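Beneath this line is the structure, given in structure tokens, with notes to follow.
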Amino acid sequence: MTDLKSKAKNGLKWSAIERIATQFIQLAVMLLLGRILGPESFGLIGMLSIFIAISQTFVDSGFGNALIRKIDRNEVDYSTTFYFSIAVSLVCYIALYLSAPYIADFYGQQELIQILRVLSLTIIINSVSIVHRTRFTIDMNFKLQAKISLLSVLFSSIVALLLGYFNYSVWALVGQSLTFSLLSTILIYYFSGWRPKEKFCKHSFYELFNFGSKLLVSSLIDTIYNNLYQIIIGKLFSPAQLGIFSQAKNLSNMPAMTLTSIIQRVTYPMLSQIQDDTKKLDDVYLLTLRLSALVIFPIMVGIAIVAKPLVQLSLGDNWADSAHLMSILCFGYMLYPIHAINLNLLKVKGRSDLFLKIEILKKIMITLILFITVPLGIKAICIGMLIQSYIGLVINTYYSGKMSKLNIVYQLKAIFPIWVSCIFIGSFGYYIFSYINNDVIKLIGTLLFSMSLYFLYVFKYEKDLFGYIKETIIK
């Protein structure tokens, strides 16, 4: 257990370094490109995001999670997954290549044909390294992954900025994606040292697919609905309006997605190894839940209250409409890590059937909300996304509570005080500095004042978490 705890701490550290550093660089580049390219280029990429995301979901097919959870995994399992992933990626690329003209006709944007055919190459490139990344995750070797990601994101960001500077418009974003995928895959493949040694095995495939298939359907449903907004807005509104929505969505969900990625990559393999120790699993699960809320809630509330001056200073007047959307979406995305932790528990317990059931229930709810909000405009759609996040929390915690003592009441007691404190402190900070006209002073003043109050709250009322962060994470 000591070795596992040490691996988890080291994995958390390097996973955090990778995700935070890479997301910070990507955020800075996205803001610079936003000023250079304008909303329309981001809108065109947003129109295609669902097709790329669905293809990536098929390529993985839940096999990565199945390998991590399987205790007696062997070389045959790895080789089978490797060949399967590449085969599916080729099928997906051919399908997208042939359907590109029809997708372009759907949106009324003929330039999407070439963009999709080039951008889709990332699907094949990424498929080559799926097994290698999974092996690193199983071993909790996030240090090497962090170094590779940082190098790849730096190089791809330079490529994107150069293409943007020389007026290649939307191709700067395409070049960024291709460069990142190609360089990271080459480095992962080289430093991993693993090569497939066995042939494709039907028995291994069926065993992995039995668990992964339910996650595949769940992920597929989730991917479609997460990107459904881009299809609807891209079809009913202009590329520029879709770009504004996409930028607001990306800026508001980036912190939540980053923390969630860190948590999932580290805790899933760790929890899988203690899945039979119910008490220990519950204790680690609850600690992870509270720590996530303690970190992500104030960040999301902070972004929400300073969205207007932040967008004005970083992106300029062309993006002003995205600030209101960001504020709404931040209050919804602040729950994203809590959703992910609950769903992680179901995967650890091997209940991919419940995982699928939850996704179906939530997507029925999203469909109803979309039906109501789409005719009312983009702002109403964002409000609907906020509402569905809180309803989704009730659904997730209800089913995860069946797997442990941590039912919905138990979880709400753990995170509700942090949620209320963040809302109150953020609102108070915003009110204090709302009368200042200078955007820079308003931005810095609001954040510093609110952060100081929040630190005092944590020190006074969340002493156990404060002590854990001080003695374990920081040290």
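Simple scheme: letters A, B, ... for chains in structure tokens order, numbers from 1 for residues in each chain, numbers from 1 for ligands in the order shown.
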
I want to know what sits within 8 Å of region 394-400 of chain A, based on only C-alpha atoms, with residues of the same chain fewer than 2 positions away left out; could you give that as a PyMOL selection string? chain A and resi 339+342-343+345-346+354+358+362+390-392+402-404+406-408+411

Skip Leu208 (chain A) itself and residues of its chain fewer than 6 positions away, then list as a list of chain:residue names all residues within 12 Å of it, counting only C-alpha atoms.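 The residues that qualify are A:Asp60, A:Ser61, A:Gly62, A:Phe63, A:Gly64, A:Asn65, A:Ala66, A:Leu67, A:Ile68, A:Arg69, A:Lys70, A:Asp72, A:Arg73, A:Asn74, A:Val76, A:Asp77, A:Tyr78, A:Thr80, A:Thr81, A:Phe84, A:Cys201, A:Lys202, A:Lys214, A:Leu215, A:Leu216.
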
Could you produce a table of the residues of region 126-147 of chain A lying within 8 Å of region 178-190 of chain A, with the nearest pair of atoms per residue and their separation in Å rounded to one decimal, using only C-alpha atoms, ordered by chain and increasing residue number, as JSON lines?
{"residue": "A:Asn126", "atom": "CA", "partner": "A:Ser181", "partner_atom": "CA", "distance": 6.1}
{"residue": "A:Val128", "atom": "CA", "partner": "A:Thr185", "partner_atom": "CA", "distance": 7.0}
{"residue": "A:Ser129", "atom": "CA", "partner": "A:Thr185", "partner_atom": "CA", "distance": 5.6}
{"residue": "A:His132", "atom": "CA", "partner": "A:Tyr189", "partner_atom": "CA", "distance": 6.6}
{"residue": "A:Arg133", "atom": "CA", "partner": "A:Ile188", "partner_atom": "CA", "distance": 7.3}
{"residue": "A:Gln145", "atom": "CA", "partner": "A:Ile188", "partner_atom": "CA", "distance": 7.5}

Put those residues in a file: C-alpha atoms, as a PDB file, in the first residue's frame.
ATOM      1  CA  ASN A 126      -3.368   9.326 -32.194  1.00  0.00           C
ATOM      2  CA  VAL A 128      -0.817   4.537 -32.807  1.00  0.00           C
ATOM      3  CA  SER A 129      -0.031   5.619 -29.233  1.00  0.00           C
ATOM      4  CA  HIS A 132       1.564   3.159 -25.054  1.00  0.00           C
ATOM      5  CA  ARG A 133      -0.293   5.878 -23.127  1.00  0.00           C
ATOM      6  CA  GLN A 145       4.072  11.909 -20.310  1.00  0.00           C
TER       7      GLN A 145
END

Which of region 178-388 of chain A fall in alpha helix (DSSP H), as a VMD selection string: chain A and resid 178 to 192 202 to 236 239 to 273 278 to 305 307 to 314 322 to 333 336 to 348 352 to 373 378 to 388

Using only C-alpha atoms, tabulate the residues of region 64-165 of chain A lying at most 9 Å from any atom of region 235-254 of chain A, each with its closest atom pair and that distance in Å to one decimal, by chain and increasing residue number, as a Markdown table.
| residue | atom | partner | partner_atom | distance |
| --- | --- | --- | --- | --- |
| A:Phe106 | CA | A:Lys235 | CA | 7.5 |
| A:Tyr107 | CA | A:Lys235 | CA | 5.6 |
| A:Gly108 | CA | A:Lys235 | CA | 8.4 |

When distances are computed from only C-alpha atoms, which of A:Ile432, A:Val306, A:Ile25, A:Val174 shows the smallest separation from Ile115 (chain A)?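 Nearest candidate to Ile115 (chain A) out of A:Ile432, A:Val306, A:Ile25, A:Val174: A:Val174.
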
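The interatomic distance for the pair CA of Phe297 (chain A) and CA of Ile372 (chain A) works out to 28.2 Å.
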
For Val118 (chain A), list every protein, DNA or RNA residue within 10 Å, evaluated using only C-alpha atoms, and leave out those in the same chain fewer than 6 positions away; present the list as a VMD selection string. chain A and resid 93 97 112 171 174 to 175 178

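Going from CA of Gly429 (chain A) to CA of Ile387 (chain A) covers 24.5 Å.
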
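The nearest approach to Ile296 (chain A) among the residues A:Met334, A:Ile366, A:Gln312, A:Pro39, with only C-alpha atoms taken into account, belongs to A:Met334.
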
Show me, as number ranges by chain, the residues that have an atom within 10 Å of Ala104 (chain A) when counting only C-alpha atoms, minus same-chain residues fewer than 3 positions from it. A: 47-48, 99-101, 107-116

Gap from CA of Leu447 (chain A) to CA of Asp464 (chain A) - Å, one decimal: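 Here the two named atoms are 24.7 Å from each other.
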